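Source file run38.pdb; content: PDB, C-alpha atoms and all ligand atoms.
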MODEL        1
ATOM      1  CA  MET T   1      65.815 121.058  96.496  1.00  0.00           C
ATOM      2  CA  GLU T   2      63.106 118.506  95.778  1.00  0.00           C
ATOM      3  CA  ILE T   3      61.165 116.002  97.839  1.00  0.00           C
ATOM      4  CA  ARG T   4      61.983 112.465  96.847  1.00  0.00           C
ATOM      5  CA  LYS T   5      60.603 109.065  97.713  1.00  0.00           C
ATOM      6  CA  ALA T   6      62.658 105.917  97.502  1.00  0.00           C
ATOM      7  CA  THR T   7      62.706 102.309  98.605  1.00  0.00           C
ATOM      8  CA  GLY T   8      66.092 101.045  99.661  1.00  0.00           C
ATOM      9  CA  ILE T   9      68.102  98.365 101.434  1.00  0.00           C
ATOM     10  CA  VAL T  10      70.489  99.372 104.232  1.00  0.00           C
ATOM     11  CA  LEU T  11      74.040  98.310 103.275  1.00  0.00           C
ATOM     12  CA  TYR T  12      75.946  99.772 106.199  1.00  0.00           C
ATOM     13  CA  SER T  13      75.221 102.067 109.115  1.00  0.00           C
ATOM     14  CA  ARG T  14      76.991 103.686 112.015  1.00  0.00           C
ATOM     15  CA  ARG T  15      76.113 105.957 114.856  1.00  0.00           C
ATOM     16  CA  SER T  16      77.134 109.574 114.376  1.00  0.00           C
ATOM     17  CA  GLY T  17      77.158 112.050 117.199  1.00  0.00           C
ATOM     18  CA  GLU T  18      74.841 111.733 120.166  1.00  0.00           C
ATOM     19  CA  ALA T  19      71.727 110.292 118.566  1.00  0.00           C
ATOM     20  CA  ASP T  20      72.052 110.351 114.773  1.00  0.00           C
ATOM     21  CA  VAL T  21      72.680 107.403 112.497  1.00  0.00           C
ATOM     22  CA  THR T  22      74.432 107.592 109.124  1.00  0.00           C
ATOM     23  CA  ALA T  23      73.567 104.838 106.656  1.00  0.00           C
ATOM     24  CA  ARG T  24      74.536 103.877 103.130  1.00  0.00           C
ATOM     25  CA  ILE T  25      71.374 102.696 101.443  1.00  0.00           C
ATOM     26  CA  PHE T  26      70.997 101.041  98.052  1.00  0.00           C
ATOM     27  CA  THR T  27      67.803 102.535  96.640  1.00  0.00           C
ATOM     28  CA  ARG T  28      65.803 101.099  93.811  1.00  0.00           C
ATOM     29  CA  GLU T  29      65.179 104.510  92.247  1.00  0.00           C
ATOM     30  CA  HIS T  30      68.470 106.386  92.722  1.00  0.00           C
ATOM     31  CA  GLY T  31      71.194 103.823  93.362  1.00  0.00           C
ATOM     32  CA  LYS T  32      73.463 104.018  96.389  1.00  0.00           C
ATOM     33  CA  ARG T  33      73.133 107.086  98.622  1.00  0.00           C
ATOM     34  CA  THR T  34      74.206 108.152 102.098  1.00  0.00           C
ATOM     35  CA  PHE T  35      71.411 109.167 104.472  1.00  0.00           C
ATOM     36  CA  VAL T  36      71.257 110.611 107.956  1.00  0.00           C
ATOM     37  CA  PHE T  37      68.518 109.667 110.393  1.00  0.00           C
ATOM     38  CA  LYS T  38      68.385 112.572 112.819  1.00  0.00           C
ATOM     39  CA  GLY T  39      67.807 111.548 116.421  1.00  0.00           C
ATOM     40  CA  LEU T  40      67.083 107.887 115.578  1.00  0.00           C
ATOM     41  CA  LYS T  41      68.993 106.558 118.589  1.00  0.00           C
ATOM     42  CA  LYS T  42      66.768 108.487 120.975  1.00  0.00           C
ATOM     43  CA  SER T  43      63.526 108.172 119.060  1.00  0.00           C
ATOM     44  CA  LYS T  44      60.620 106.468 120.769  1.00  0.00           C
ATOM     45  CA  THR T  45      58.477 106.369 117.657  1.00  0.00           C
ATOM     46  CA  ARG T  46      60.983 105.236 115.014  1.00  0.00           C
ATOM     47  CA  PRO T  47      62.085 101.577 115.135  1.00  0.00           C
ATOM     48  CA  GLN T  48      65.792 101.087 115.952  1.00  0.00           C
ATOM     49  CA  SER T  49      65.925  98.210 113.452  1.00  0.00           C
ATOM     50  CA  ALA T  50      65.410 100.792 110.685  1.00  0.00           C
ATOM     51  CA  ALA T  51      69.161 101.282 110.333  1.00  0.00           C
ATOM     52  CA  GLU T  52      70.226  97.640 110.566  1.00  0.00           C
ATOM     53  CA  PRO T  53      71.982  96.188 107.517  1.00  0.00           C
ATOM     54  CA  GLY T  54      69.543  94.303 105.309  1.00  0.00           C
ATOM     55  CA  THR T  55      66.441  96.237 106.387  1.00  0.00           C
ATOM     56  CA  VAL T  56      64.245  97.460 103.530  1.00  0.00           C
ATOM     57  CA  LEU T  57      63.000 101.030 104.030  1.00  0.00           C
ATOM     58  CA  ASP T  58      60.502 103.359 102.395  1.00  0.00           C
ATOM     59  CA  LEU T  59      62.051 106.827 102.610  1.00  0.00           C
ATOM     60  CA  VAL T  60      60.970 110.408 102.083  1.00  0.00           C
ATOM     61  CA  TYR T  61      63.727 113.012 101.997  1.00  0.00           C
ATOM     62  CA  TYR T  62      64.731 116.395 100.614  1.00  0.00           C
ATOM     63  CA  PHE T  63      67.275 115.820  97.893  1.00  0.00           C
ATOM     64  CA  HIS T  64      70.268 118.180  97.887  1.00  0.00           C
ATOM     65  CA  GLU T  65      72.387 117.643  94.803  1.00  0.00           C
ATOM     66  CA  ASN T  66      75.593 119.028  96.310  1.00  0.00           C
ATOM     67  CA  ARG T  67      75.448 117.294  99.628  1.00  0.00           C
ATOM     68  CA  ASP T  68      77.307 114.119 100.551  1.00  0.00           C
ATOM     69  CA  TYR T  69      74.326 112.898 102.524  1.00  0.00           C
ATOM     70  CA  GLN T  70      70.552 113.316 102.500  1.00  0.00           C
ATOM     71  CA  VAL T  71      68.458 113.942 105.601  1.00  0.00           C
ATOM     72  CA  VAL T  72      65.552 111.527 105.992  1.00  0.00           C
ATOM     73  CA  ASN T  73      62.196 113.129 106.821  1.00  0.00           C
ATOM     74  CA  GLU T  74      60.002 110.064 106.966  1.00  0.00           C
ATOM     75  CA  LEU T  75      60.784 106.395 107.093  1.00  0.00           C
ATOM     76  CA  LYS T  76      58.870 103.171 107.233  1.00  0.00           C
ATOM     77  CA  VAL T  77      60.329  99.674 107.619  1.00  0.00           C
ATOM     78  CA  ALA T  78      58.998  97.846 104.546  1.00  0.00           C
ATOM     79  CA  SER T  79      60.449  94.494 105.537  1.00  0.00           C
ATOM     80  CA  ARG T  80      63.141  93.149 107.786  1.00  0.00           C
ATOM     81  CA  ARG T  81      63.128  89.398 107.163  1.00  0.00           C
ATOM     82  CA  GLU T  82      63.555  88.404 110.794  1.00  0.00           C
ATOM     83  CA  ARG T  83      64.636  84.888 109.914  1.00  0.00           C
ATOM     84  CA  VAL T  84      67.869  86.111 108.343  1.00  0.00           C
ATOM     85  CA  HIS T  85      68.989  87.219 111.807  1.00  0.00           C
ATOM     86  CA  ASP T  86      68.260  83.806 113.318  1.00  0.00           C
ATOM     87  CA  SER T  87      71.526  82.139 112.391  1.00  0.00           C
ATOM     88  CA  LEU T  88      75.127  83.336 112.235  1.00  0.00           C
ATOM     89  CA  ALA T  89      75.671  81.651 108.880  1.00  0.00           C
ATOM     90  CA  ARG T  90      72.828  83.648 107.354  1.00  0.00           C
ATOM     91  CA  ILE T  91      74.119  86.879 108.882  1.00  0.00           C
ATOM     92  CA  TYR T  92      77.604  86.283 107.414  1.00  0.00           C
ATOM     93  CA  HIS T  93      76.127  85.691 103.972  1.00  0.00           C
ATOM     94  CA  LEU T  94      73.917  88.764 104.379  1.00  0.00           C
ATOM     95  CA  TYR T  95      76.948  90.939 105.176  1.00  0.00           C
ATOM     96  CA  TYR T  96      78.869  89.432 102.270  1.00  0.00           C
ATOM     97  CA  MET T  97      76.128  90.283  99.761  1.00  0.00           C
ATOM     98  CA  LEU T  98      75.588  93.782 101.142  1.00  0.00           C
ATOM     99  CA  GLU T  99      79.316  94.512 101.089  1.00  0.00           C
ATOM    100  CA  LEU T 100      79.618  93.176  97.551  1.00  0.00           C
ATOM    101  CA  ILE T 101      76.979  95.666  96.393  1.00  0.00           C
ATOM    102  CA  ASP T 102      78.479  98.479  98.467  1.00  0.00           C
ATOM    103  CA  ARG T 103      82.013  97.995  97.142  1.00  0.00           C
ATOM    104  CA  THR T 104      81.146  97.508  93.472  1.00  0.00           C
ATOM    105  CA  THR T 105      78.696 100.396  92.930  1.00  0.00           C
ATOM    106  CA  GLY T 106      79.226 104.143  92.820  1.00  0.00           C
ATOM    107  CA  THR T 107      77.073 106.778  94.516  1.00  0.00           C
ATOM    108  CA  GLY T 108      73.924 107.441  92.511  1.00  0.00           C
ATOM    109  CA  ASP T 109      74.638 104.871  89.798  1.00  0.00           C
ATOM    110  CA  PRO T 110      71.290 103.754  88.344  1.00  0.00           C
ATOM    111  CA  ALA T 111      70.874 100.173  89.394  1.00  0.00           C
ATOM    112  CA  VAL T 112      67.378  98.699  89.145  1.00  0.00           C
ATOM    113  CA  PRO T 113      68.507  95.192  88.028  1.00  0.00           C
ATOM    114  CA  LEU T 114      71.122  95.063  90.824  1.00  0.00           C
ATOM    115  CA  TYR T 115      68.522  96.222  93.326  1.00  0.00           C
ATOM    116  CA  GLU T 116      66.132  93.507  92.173  1.00  0.00           C
ATOM    117  CA  LEU T 117      68.935  90.938  92.460  1.00  0.00           C
ATOM    118  CA  LEU T 118      69.728  91.981  96.034  1.00  0.00           C
ATOM    119  CA  ALA T 119      66.073  92.120  97.096  1.00  0.00           C
ATOM    120  CA  ALA T 120      65.443  88.632  95.666  1.00  0.00           C
ATOM    121  CA  ALA T 121      68.608  87.272  97.319  1.00  0.00           C
ATOM    122  CA  LEU T 122      67.551  88.608 100.747  1.00  0.00           C
ATOM    123  CA  ASP T 123      64.194  86.933 100.233  1.00  0.00           C
ATOM    124  CA  ARG T 124      65.828  83.574  99.509  1.00  0.00           C
ATOM    125  CA  LEU T 125      68.281  84.025 102.368  1.00  0.00           C
ATOM    126  CA  SER T 126      65.412  84.016 104.827  1.00  0.00           C
ATOM    127  CA  SER T 127      63.879  80.835 103.427  1.00  0.00           C
ATOM    128  CA  SER T 128      66.477  78.694 101.624  1.00  0.00           C
ATOM    129  CA  PRO T 129      68.851  76.360 103.505  1.00  0.00           C
ATOM    130  CA  HIS T 130      71.358  76.643 100.616  1.00  0.00           C
ATOM    131  CA  THR T 131      73.224  79.738 101.777  1.00  0.00           C
ATOM    132  CA  VAL T 132      76.570  78.995 100.086  1.00  0.00           C
ATOM    133  CA  SER T 133      74.862  78.275  96.789  1.00  0.00           C
ATOM    134  CA  LEU T 134      72.903  81.507  97.183  1.00  0.00           C
ATOM    135  CA  SER T 135      76.067  83.572  97.635  1.00  0.00           C
ATOM    136  CA  VAL T 136      77.698  81.850  94.632  1.00  0.00           C
ATOM    137  CA  PHE T 137      74.599  82.512  92.573  1.00  0.00           C
ATOM    138  CA  PHE T 138      74.437  86.125  93.762  1.00  0.00           C
ATOM    139  CA  THR T 139      78.109  86.736  92.915  1.00  0.00           C
ATOM    140  CA  LEU T 140      77.798  85.219  89.424  1.00  0.00           C
ATOM    141  CA  HIS T 141      74.756  87.353  88.602  1.00  0.00           C
ATOM    142  CA  LEU T 142      76.344  90.498  90.046  1.00  0.00           C
ATOM    143  CA  MET T 143      79.387  89.852  87.830  1.00  0.00           C
ATOM    144  CA  ARG T 144      77.103  89.317  84.828  1.00  0.00           C
ATOM    145  CA  MET T 145      75.298  92.628  85.502  1.00  0.00           C
ATOM    146  CA  HIS T 146      78.606  94.477  85.873  1.00  0.00           C
ATOM    147  CA  GLY T 147      79.704  92.906  82.566  1.00  0.00           C
ATOM    148  CA  ILE T 148      82.704  91.173  84.130  1.00  0.00           C
ATOM    149  CA  LEU T 149      81.612  87.543  84.101  1.00  0.00           C
ATOM    150  CA  PRO T 150      84.385  85.625  82.338  1.00  0.00           C
ATOM    151  CA  ASP T 151      83.664  82.602  80.158  1.00  0.00           C
ATOM    152  CA  LEU T 152      83.753  79.933  82.835  1.00  0.00           C
ATOM    153  CA  ALA T 153      82.452  77.224  80.515  1.00  0.00           C
ATOM    154  CA  ALA T 154      85.679  76.996  78.502  1.00  0.00           C
ATOM    155  CA  CYS T 155      89.069  75.806  79.734  1.00  0.00           C
ATOM    156  CA  GLY T 156      91.175  78.943  80.170  1.00  0.00           C
ATOM    157  CA  GLU T 157      94.225  77.111  78.821  1.00  0.00           C
ATOM    158  CA  CYS T 158      93.141  75.036  75.784  1.00  0.00           C
ATOM    159  CA  GLY T 159      89.647  76.456  75.223  1.00  0.00           C
ATOM    160  CA  ARG T 160      87.820  73.125  75.145  1.00  0.00           C
ATOM    161  CA  ARG T 161      84.273  73.127  76.495  1.00  0.00           C
ATOM    162  CA  ASP T 162      83.637  69.393  76.763  1.00  0.00           C
ATOM    163  CA  TYR T 163      85.770  68.680  79.799  1.00  0.00           C
ATOM    164  CA  ASP T 164      84.540  66.776  82.837  1.00  0.00           C
ATOM    165  CA  ARG T 165      86.619  67.555  85.858  1.00  0.00           C
ATOM    166  CA  PHE T 166      88.452  70.833  86.207  1.00  0.00           C
ATOM    167  CA  ALA T 167      90.491  72.993  88.546  1.00  0.00           C
ATOM    168  CA  LEU T 168      89.880  76.548  89.705  1.00  0.00           C
ATOM    169  CA  ASP T 169      92.988  78.522  88.836  1.00  0.00           C
ATOM    170  CA  PHE T 170      93.077  81.202  91.534  1.00  0.00           C
ATOM    171  CA  ARG T 171      96.154  82.901  90.141  1.00  0.00           C
ATOM    172  CA  HIS T 172      94.765  83.657  86.712  1.00  0.00           C
ATOM    173  CA  PHE T 173      91.056  83.561  87.636  1.00  0.00           C
ATOM    174  CA  ARG T 174      89.978  80.935  85.154  1.00  0.00           C
ATOM    175  CA  VAL T 175      88.870  77.338  85.075  1.00  0.00           C
ATOM    176  CA  VAL T 176      91.291  74.753  83.707  1.00  0.00           C
ATOM    177  CA  CYS T 177      90.332  71.308  82.392  1.00  0.00           C
ATOM    178  CA  ALA T 178      91.786  68.236  84.133  1.00  0.00           C
ATOM    179  CA  SER T 179      94.419  67.526  81.481  1.00  0.00           C
ATOM    180  CA  CYS T 180      95.633  71.135  81.353  1.00  0.00           C
ATOM    181  CA  ALA T 181      95.541  71.243  85.158  1.00  0.00           C
ATOM    182  CA  GLN T 182      98.119  68.444  85.209  1.00  0.00           C
ATOM    183  CA  GLN T 183     100.544  70.700  83.373  1.00  0.00           C
ATOM    184  CA  HIS T 184      99.586  74.226  84.418  1.00  0.00           C
ATOM    185  CA  ALA T 185      97.799  74.115  87.753  1.00  0.00           C
ATOM    186  CA  ARG T 186      99.616  71.273  89.431  1.00  0.00           C
ATOM    187  CA  GLY T 187      98.421  70.461  92.914  1.00  0.00           C
ATOM    188  CA  ARG T 188      95.053  72.124  92.432  1.00  0.00           C
ATOM    189  CA  LYS T 189      92.101  70.140  93.678  1.00  0.00           C
ATOM    190  CA  LEU T 190      89.984  68.771  90.826  1.00  0.00           C
ATOM    191  CA  MET T 191      86.311  69.776  90.863  1.00  0.00           C
ATOM    192  CA  SER T 192      83.508  67.460  89.758  1.00  0.00           C
ATOM    193  CA  ALA T 193      81.582  67.520  86.487  1.00  0.00           C
ATOM    194  CA  ILE T 194      78.523  68.252  88.654  1.00  0.00           C
ATOM    195  CA  LEU T 195      80.041  71.608  89.637  1.00  0.00           C
ATOM    196  CA  ARG T 196      80.865  72.270  85.978  1.00  0.00           C
ATOM    197  CA  ASP T 197      77.184  71.762  85.082  1.00  0.00           C
ATOM    198  CA  TYR T 198      76.145  74.015  87.959  1.00  0.00           C
ATOM    199  CA  LEU T 199      78.556  76.731  86.833  1.00  0.00           C
ATOM    200  CA  ALA T 200      77.399  76.489  83.215  1.00  0.00           C
ATOM    201  CA  ARG T 201      73.719  76.772  84.174  1.00  0.00           C
ATOM    202  CA  ALA T 202      73.755  79.338  86.995  1.00  0.00           C
ATOM    203  CA  PRO T 203      74.263  82.589  85.016  1.00  0.00           C
ATOM    204  CA  SER T 204      71.189  81.943  82.847  1.00  0.00           C
ATOM    205  CA  THR T 205      68.931  80.137  85.320  1.00  0.00           C
ATOM    206  CA  ARG T 206      66.613  81.264  88.104  1.00  0.00           C
ATOM    207  CA  PHE T 207      67.798  80.478  91.646  1.00  0.00           C
ATOM    208  CA  ASP T 208      64.723  78.374  92.391  1.00  0.00           C
ATOM    209  CA  GLU T 209      65.365  76.194  89.347  1.00  0.00           C
ATOM    210  CA  MET T 210      68.887  75.205  90.378  1.00  0.00           C
ATOM    211  CA  ALA T 211      69.652  71.879  92.089  1.00  0.00           C
ATOM    212  CA  HIS T 212      71.576  73.316  95.017  1.00  0.00           C
ATOM    213  CA  ASP T 213      72.275  70.039  96.725  1.00  0.00           C
ATOM    214  CA  ALA T 214      73.897  68.532  93.618  1.00  0.00           C
ATOM    215  CA  PRO T 215      77.456  69.934  93.909  1.00  0.00           C
ATOM    216  CA  PRO T 216      79.362  68.949  97.077  1.00  0.00           C
ATOM    217  CA  GLU T 217      79.312  71.728  99.677  1.00  0.00           C
ATOM    218  CA  ASP T 218      83.128  72.001  99.827  1.00  0.00           C
ATOM    219  CA  GLU T 219      83.294  72.534  96.059  1.00  0.00           C
ATOM    220  CA  LEU T 220      80.664  75.274  96.245  1.00  0.00           C
ATOM    221  CA  THR T 221      82.657  76.898  99.054  1.00  0.00           C
ATOM    222  CA  ASP T 222      85.855  76.790  96.969  1.00  0.00           C
ATOM    223  CA  LEU T 223      83.941  78.272  94.041  1.00  0.00           C
ATOM    224  CA  LEU T 224      82.581  81.087  96.214  1.00  0.00           C
ATOM    225  CA  PHE T 225      86.087  81.872  97.471  1.00  0.00           C
ATOM    226  CA  PHE T 226      87.361  81.893  93.870  1.00  0.00           C
ATOM    227  CA  LEU T 227      84.614  84.307  92.760  1.00  0.00           C
ATOM    228  CA  ALA T 228      85.098  86.606  95.772  1.00  0.00           C
ATOM    229  CA  LEU T 229      88.830  86.823  95.001  1.00  0.00           C
ATOM    230  CA  PHE T 230      88.037  87.551  91.371  1.00  0.00           C
ATOM    231  CA  VAL T 231      85.760  90.467  92.292  1.00  0.00           C
ATOM    232  CA  GLU T 232      88.281  91.810  94.821  1.00  0.00           C
ATOM    233  CA  ASN T 233      91.004  91.666  92.219  1.00  0.00           C
ATOM    234  CA  TYR T 234      88.855  93.320  89.552  1.00  0.00           C
ATOM    235  CA  PHE T 235      87.716  96.201  91.763  1.00  0.00           C
ATOM    236  CA  ARG T 236      91.049  96.413  93.611  1.00  0.00           C
ATOM    237  CA  MET T 237      89.562  96.173  97.076  1.00  0.00           C
ATOM    238  CA  GLU T 238      89.234  93.750  99.944  1.00  0.00           C
ATOM    239  CA  LEU T 239      85.947  92.367 101.223  1.00  0.00           C
ATOM    240  CA  LYS T 240      85.967  92.442 105.020  1.00  0.00           C
ATOM    241  CA  SER T 241      83.103  89.954 105.198  1.00  0.00           C
ATOM    242  CA  LYS T 242      85.119  87.388 103.257  1.00  0.00           C
ATOM    243  CA  GLY T 243      87.390  86.644 106.219  1.00  0.00           C
ATOM    244  CA  VAL T 244      84.658  85.616 108.599  1.00  0.00           C
ATOM    245  CA  LEU T 245      82.684  83.793 105.898  1.00  0.00           C
ATOM    246  CA  PHE T 246      85.584  81.475 105.062  1.00  0.00           C
ATOM    247  CA  MET T 247      87.002  81.158 108.533  1.00  0.00           C
ATOM    248  CA  ARG T 248      83.686  79.553 109.323  1.00  0.00           C
ATOM    249  CA  ALA T 249      83.736  77.335 106.254  1.00  0.00           C
ATOM    250  CA  ALA T 250      87.207  76.074 107.210  1.00  0.00           C
ATOM    251  CA  GLU T 251      86.130  75.000 110.705  1.00  0.00           C
TER     252      GLU T 251
HETATM  253 ZN    ZN Q   1      92.362  72.578  78.901  1.00  0.00          ZN
ENDMDL
END
Rewrite the structure of this file - the entire thing - as structure tokens.
Ligand SMILES: [Zn+2]
Amino acid sequence: MEIRKATGIVLYSRRSGEADVTARIFTREHGKRTFVFKGLKKSKTRPQSAAEPGTVLDLVYYFHENRDYQVVNELKVASRRERVHDSLARIYHLYYMLELIDRTTGTGDPAVPLYELLAAALDRLSSSPHTVSLSVFFTLHLMRMHGILPDLAACGECGRRDYDRFALDFRHFRVVCASCAQQHARGRKLMSAILRDYLARAPSTRFDEMAHDAPPEDELTDLLFFLALFVENYFRMELKSKGVLFMRAAE
């Protein structure tokens, strides 16, 4: 048994028993772990927001190797980014990003770059109006870090890279140039060359350097849906947050 310190972001939490809260937290130092906050629900000194998804916590706990969960001794809310909770759209994107991390990482996997990605994304979520672009950007970089980002700059059918308009082929998870789309992805909506440029730049560019208002919003939404399906298919799971995110987009 050793005393550990960690900084982490709450991915998911639920009440357990009378007054305890169990939370999955993505820590910078030790990856994803499950923690129990004893008596949090009845505590007058500990903030209730400590266990809310998206909250960043500084933790002190005794680490037990063979236990499924760790008991938190001390906690401090490092930041909560109040503005994220101001709008439903932001909350949906927050839950999407947290779930994406939760469902694609294993317990204790070392994950500093992923942690940095999530922390930066939560920062932008509280300040940027481009929430759909942020989730697209987040998904692309998460895929890159997991080593599963396919070559989206080449037509998946003929391989050419100098196409203008293209279709998203949801069945085979690839992009298809306009002329191949006529033969192989009939009926698919054609995306603009502006989205192609966005897609080519995003994996190697900082979020703040992207022109988020350049691609039409409906194309970005289609792209986000495409990427979310890709990740679901790859990890053989279903993202619960996806439903509400796209039900909203379809309104
Ligand atoms: Zn082609």
Compare T:Val72, T:Arg174, T:Lys44, T:Leu195 by their minimum atom-to-atom distance to Ala6 of chain T, counting all atoms listed in the file, and give me the closest one.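 Nearest candidate to Ala6 of chain T out of T:Val72, T:Arg174, T:Lys44, T:Leu195: T:Val72.
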d(atom CA of Ala228 of chain T, atom CA of Arg196 of chain T) in Å: 17.9 Å
Hey, which residues come within 9 Å of ligand ZN 1 (chain Q) if we count only C-alpha atoms and all ligand atoms? Could you give them as a PyMOL selection string? chain T and resi 154-161+163+166+175-181
Distance in Å - atom CA of Gly31 of chain T versus atom CA of Thr107 of chain T: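 Computed distance, atom CA of Gly31 of chain T to atom CA of Thr107 of chain T, equals 6.7 Å.
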At most 12 Å from (60.1, 110.5, 115.1), file frame, only C-alpha atoms: which residues, as a PyMOL selection string? chain T and resi 20+37-48+50+72-76
Decode the PyMOL selection byres (((chain T and resi 85) around 12) and not hetatm) for the given file into explicit residues and return them as a PyMOL selection string. chain T and resi 49+52-55+80-84+86-95+122+125-127
Restricting the calculation to all atoms listed in the file, which member of T:Val71, T:Val77, T:Leu245, T:Val60 is positioned closest to Val10 of chain T?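 Among the listed residues, the smallest separation from Val10 of chain T belongs to T:Val77.
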Rows by chain and residue number, segment 8-114 of chain T within 8 Å of segment 233-241 of chain T, shortest pair, only C-alpha atoms, as CSV:
residue,atom,partner,partner_atom,distance
T:Tyr92,CA,T:Ser241,CA,7.0
T:Tyr95,CA,T:Ser241,CA,6.2
T:Tyr96,CA,T:Ser241,CA,5.2
T:Glu99,CA,T:Leu239,CA,7.0
T:Leu100,CA,T:Leu239,CA,7.4
T:Arg103,CA,T:Met237,CA,7.8
T:Thr104,CA,T:Phe235,CA,6.9
Can I get the selection written as a PDB file, in the frame of the given file, with C-alpha atoms?
ATOM      1  CA  TYR T  92      77.604  86.283 107.414  1.00  0.00           C
ATOM      2  CA  TYR T  95      76.948  90.939 105.176  1.00  0.00           C
ATOM      3  CA  TYR T  96      78.869  89.432 102.270  1.00  0.00           C
ATOM      4  CA  GLU T  99      79.316  94.512 101.089  1.00  0.00           C
ATOM      5  CA  LEU T 100      79.618  93.176  97.551  1.00  0.00           C
ATOM      6  CA  ARG T 103      82.013  97.995  97.142  1.00  0.00           C
ATOM      7  CA  THR T 104      81.146  97.508  93.472  1.00  0.00           C
TER       8      THR T 104
END
If the PyMOL selection byres (((chain T and resi 135) around 8) and not hetatm) is run on the structure shown, which residues does it catch, given as a count of residues only? 12
Check which residues satisfy the PyMOL selection byres (((chain T and resi 206) around 12) and not hetatm) in the file shown, then give them as a VMD selection string. chain T and resid 117 120 to 121 124 134 137 to 138 140 to 141 198 201 to 205 207 to 212
Distance atom CA of Tyr69 of chain T-atom CA of Arg28 of chain T, one decimal place?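 Separation between atom CA of Tyr69 of chain T and atom CA of Arg28 of chain T: 17.0 Å.
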Just need the box for segment 64-76 of chain T, edges along x, y and z, holding every atom the file lists for it with 3 Å tacked onto each side, so centre and edge lengths in Å to one decimal, as AutoDock Vina command-line options.
--center_x 68.1 --center_y 111.1 --center_z 101.0 --size_x 24.4 --size_y 21.9 --size_z 18.4
